[in-house]
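Asker: Here it is: the structure, laid out below.
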Amino acid sequence: MSCQEGDIIPRKANGPLVLVVAAALLDTDSRVLIAQRPAGKAMAGLWEFPGGKIALGETPEGALVRELAEELKIDVCTGCLHPLTFVSYPYDDFHLLMPLYVIRQWDGVVQPAEHADIKWVRANELKDYDMPPADLPLVHALMDYLS
């Protein structure tokens with residue numbers, strides 16, 4: 001087997017390892033929720049899966065429950081978090097490690113508390129939205145999961 005240059009992830013990070021967690025919330029029509037990063041934040045205007053950084057001492061699941069309450073004003077039980085995949089992505093000044101959980105059940109009405117906008121889209125439409133580079137492998141995994 002031969003690796004292509006773009007397939008190789010460096011063995012050492014170009015900065016700190018950043019642990020982030022993300023959610024693929026699916027509605028009853030299997031549409032996925034994406035959220036637009038607000039002005040003033042890194043990568044403003046790009047669309048992403050909701051979630052955020054894992055605080056020191058938090059589990060990924062605990063961080064995701066907290067982030068979804070803060071960002072979308074919904075309550076999610078950890079038992080409703082179903083791990084799907086993860087991405088390990090080398091940005092220029094840090095290395096991102098991000099698990100993606102599928103969520104089909106929550107309490108409350110999704111509302112954008114910290115994002116510029118939110119949209120429910122079909123998985124095959126995700127490629128039509130500008131997303132951070134680390135999210136792209138998650139899109140492919142989600143498309144495979146839903147097909």
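Ordered as shown in the structure tokens, chains take letters A, B, and onward, while each chain numbers its residues from 1 and ligands are numbered from 1 in the order shown.
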Can you build me a table of range 2-97 of chain A residues sitting at most 8 Å from range 103-115 of chain A, with the closest atom pair per residue and its distance in Å to one decimal, using only C-alpha atoms, sorted by chain and residue number, as a Markdown table?

Answerer:
```
| residue | atom | partner | partner_atom | distance |
| --- | --- | --- | --- | --- |
| A:Ala23 | CA | A:Ile103 | CA | 6.8 |
| A:Ala24 | CA | A:Ile103 | CA | 6.1 |
| A:Leu25 | CA | A:Ile103 | CA | 4.8 |
| A:Leu26 | CA | A:Arg104 | CA | 5.1 |
| A:Asp27 | CA | A:Arg104 | CA | 6.4 |
| A:Thr28 | CA | A:Arg104 | CA | 7.8 |
| A:Ala35 | CA | A:His115 | CA | 6.2 |
| A:Gln36 | CA | A:His115 | CA | 5.6 |
| A:Arg37 | CA | A:His115 | CA | 5.4 |
| A:Pro38 | CA | A:His115 | CA | 5.2 |
| A:Glu70 | CA | A:Ala113 | CA | 7.0 |
| A:Glu71 | CA | A:Ala113 | CA | 5.0 |
| A:Leu72 | CA | A:Gln111 | CA | 4.9 |
| A:Lys73 | CA | A:Gln111 | CA | 6.2 |
| A:Ile74 | CA | A:Gly108 | CA | 4.9 |
| A:Asp75 | CA | A:Asp107 | CA | 5.0 |
| A:Val76 | CA | A:Trp106 | CA | 4.8 |
| A:Cys77 | CA | A:Trp106 | CA | 7.3 |
| A:Cys80 | CA | A:Ile103 | CA | 6.0 |
| A:Leu81 | CA | A:Ile103 | CA | 5.4 |
| A:His82 | CA | A:Ile103 | CA | 6.4 |
```

Asker: For Leu142 in chain A, find every residue with an atom within 12 Å (counting only C-alpha atoms), except residues of its own chain fewer than 4 positions away, and show them as a VMD selection string.

Answerer: chain A and resid 23 to 26 30 to 33 49 83 to 86 100 to 103 122 to 127 135 to 138 146 to 147

Asker: If you run DSSP on this backbone, which residues of range 60-120 of chain A come out as alpha helix (DSSP H), and could you give them as a VMD selection string?

Answerer: chain A and resid 60 to 72

Asker: Keeping only N, CA, C and O atoms, write the selected residues to a file as a CSV table (one decimal), in the first residue's frame.

Answerer:
```
chain,number,residue,atom,x,y,z
A,60,PRO,N,-16.2,13.6,26.8
A,60,PRO,CA,-16.8,14.1,25.6
A,60,PRO,C,-18.3,14.2,25.6
A,60,PRO,O,-18.9,15.2,25.2
A,61,GLU,N,-18.9,13.2,26.2
A,61,GLU,CA,-20.4,13.2,26.3
A,61,GLU,C,-20.9,14.3,27.2
A,61,GLU,O,-21.9,15.0,26.8
A,62,GLY,N,-20.3,14.5,28.3
A,62,GLY,CA,-20.7,15.6,29.2
A,62,GLY,C,-20.5,17.0,28.5
A,62,GLY,O,-21.3,17.9,28.7
A,63,ALA,N,-19.4,17.1,27.8
A,63,ALA,CA,-19.1,18.4,27.1
A,63,ALA,C,-20.2,18.6,26.0
A,63,ALA,O,-20.7,19.7,25.9
A,64,LEU,N,-20.6,17.6,25.3
A,64,LEU,CA,-21.6,17.7,24.3
A,64,LEU,C,-22.9,18.1,24.8
A,64,LEU,O,-23.6,19.0,24.3
A,65,VAL,N,-23.3,17.5,25.9
A,65,VAL,CA,-24.6,17.8,26.6
A,65,VAL,C,-24.6,19.3,27.0
A,65,VAL,O,-25.5,20.0,26.7
A,66,ARG,N,-23.5,19.7,27.6
A,66,ARG,CA,-23.3,21.1,28.0
A,66,ARG,C,-23.4,22.1,26.8
A,66,ARG,O,-24.1,23.0,26.8
A,67,GLU,N,-22.6,21.7,25.8
A,67,GLU,CA,-22.5,22.6,24.6
A,67,GLU,C,-23.9,22.7,23.9
A,67,GLU,O,-24.2,23.8,23.5
A,68,LEU,N,-24.6,21.7,23.8
A,68,LEU,CA,-25.9,21.7,23.1
A,68,LEU,C,-26.9,22.5,23.9
A,68,LEU,O,-27.8,23.2,23.3
A,69,ALA,N,-26.8,22.5,25.2
A,69,ALA,CA,-27.7,23.3,26.1
A,69,ALA,C,-27.4,24.8,25.9
A,69,ALA,O,-28.2,25.6,25.7
A,70,GLU,N,-26.1,25.1,25.8
A,70,GLU,CA,-25.6,26.5,25.7
A,70,GLU,C,-25.9,27.0,24.3
A,70,GLU,O,-26.4,28.1,24.1
A,71,GLU,N,-25.6,26.2,23.2
A,71,GLU,CA,-25.7,26.7,21.9
A,71,GLU,C,-27.1,26.6,21.2
A,71,GLU,O,-27.4,27.5,20.4
A,72,LEU,N,-27.8,25.6,21.6
A,72,LEU,CA,-29.1,25.3,20.9
A,72,LEU,C,-30.3,25.3,21.9
A,72,LEU,O,-31.4,25.1,21.4
```

Asker: Could you work out how far CA of Gly57 in chain A lies from CA of Met43 in chain A, giving the answer in Å with one decimal?

Answerer: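 Straight-line distance from CA of Met43 in chain A to CA of Gly57 in chain A works out to 26.7 Å.
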
Asker: Distance CA of Asp117 in chain A-CA of Tyr129 in chain A, one decimal place?

Answerer: 12.7 Å

Asker: Tell me which protein, DNA and RNA residues are within 8 Å of range 13-18 of chain A, counting only C-alpha atoms, leaving out same-chain ones fewer than 2 positions away, and put them as a ChimeraX atom specification.

Answerer: /A:10-11,20,53,90-97

Asker: Those same residues - N, CA, C and O atoms - I'd like them written as an mmCIF file, in the first residue's frame.

Answerer:
```
data_model
loop_
_atom_site.group_PDB
_atom_site.id
_atom_site.type_symbol
_atom_site.label_atom_id
_atom_site.label_comp_id
_atom_site.auth_asym_id
_atom_site.auth_seq_id
_atom_site.Cartn_x
_atom_site.Cartn_y
_atom_site.Cartn_z
ATOM 1 N N PRO A 10 0.931 14.328 10.027
ATOM 2 C CA PRO A 10 2.221 14.376 10.720
ATOM 3 C C PRO A 10 2.168 13.629 12.059
ATOM 4 O O PRO A 10 1.130 13.578 12.710
ATOM 5 N N ARG A 11 3.293 13.083 12.452
ATOM 6 C CA ARG A 11 3.364 12.354 13.728
ATOM 7 C C ARG A 11 3.420 13.297 14.913
ATOM 8 O O ARG A 11 3.081 12.918 16.020
ATOM 9 N N VAL A 20 -12.315 18.532 20.860
ATOM 10 C CA VAL A 20 -13.614 19.118 20.562
ATOM 11 C C VAL A 20 -14.584 17.973 20.320
ATOM 12 O O VAL A 20 -14.183 16.889 19.906
ATOM 13 N N LYS A 53 -15.536 22.764 22.561
ATOM 14 C CA LYS A 53 -14.357 22.265 23.261
ATOM 15 C C LYS A 53 -14.735 21.473 24.499
ATOM 16 O O LYS A 53 -15.701 21.786 25.192
ATOM 17 N N PRO A 90 -4.853 18.093 11.280
ATOM 18 C CA PRO A 90 -3.753 19.012 11.586
ATOM 19 C C PRO A 90 -3.984 20.403 11.005
ATOM 20 O O PRO A 90 -3.796 20.635 9.820
ATOM 21 N N TYR A 91 -4.442 21.342 11.820
ATOM 22 C CA TYR A 91 -4.471 22.745 11.414
ATOM 23 C C TYR A 91 -3.053 23.300 11.533
ATOM 24 O O TYR A 91 -2.154 22.632 12.074
ATOM 25 N N ASP A 92 -2.839 24.514 11.062
ATOM 26 C CA ASP A 92 -1.485 25.086 11.055
ATOM 27 C C ASP A 92 -0.903 25.266 12.458
ATOM 28 O O ASP A 92 0.284 25.049 12.664
ATOM 29 N N ASP A 93 -1.733 25.658 13.434
ATOM 30 C CA ASP A 93 -1.187 25.969 14.759
ATOM 31 C C ASP A 93 -1.746 25.116 15.897
ATOM 32 O O ASP A 93 -1.474 25.368 17.060
ATOM 33 N N PHE A 94 -2.524 24.096 15.558
ATOM 34 C CA PHE A 94 -3.002 23.135 16.560
ATOM 35 C C PHE A 94 -3.458 21.874 15.843
ATOM 36 O O PHE A 94 -3.607 21.859 14.631
ATOM 37 N N HIS A 95 -3.656 20.825 16.607
ATOM 38 C CA HIS A 95 -4.164 19.566 16.055
ATOM 39 C C HIS A 95 -5.513 19.285 16.699
ATOM 40 O O HIS A 95 -5.636 19.272 17.925
ATOM 41 N N LEU A 96 -6.524 19.071 15.879
ATOM 42 C CA LEU A 96 -7.888 18.873 16.353
ATOM 43 C C LEU A 96 -8.238 17.392 16.400
ATOM 44 O O LEU A 96 -7.989 16.662 15.437
ATOM 45 N N LEU A 97 -8.800 16.960 17.513
ATOM 46 C CA LEU A 97 -9.354 15.614 17.653
ATOM 47 C C LEU A 97 -10.823 15.798 18.013
ATOM 48 O O LEU A 97 -11.142 16.432 19.031
#
```

Asker: For the strand (DSSP E or B) assignment from backbone DSSP, which residues of chain A qualify? Please present them as an NGL selection string.

Answerer: :A and (17-26 or 32-36 or 47-48 or 51-53 or 75 or 82-90 or 95-103 or 107 or 117-121)

Asker: Can you tell me how far CA of Trp47 in chain A sits from CA of Pro132 in chain A, in Å to one decimal?

Answerer: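 Calculated distance between CA of Trp47 in chain A and CA of Pro132 in chain A is 7.3 Å.
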
Asker: Which one of A:Ile34, A:Pro99, A:Ala134, A:Ile118 sits closest to Glu48 in chain A if you count only C-alpha atoms?

Answerer: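 Once distances to Glu48 in chain A are computed over only C-alpha atoms, the minimum belongs to A:Ile34.
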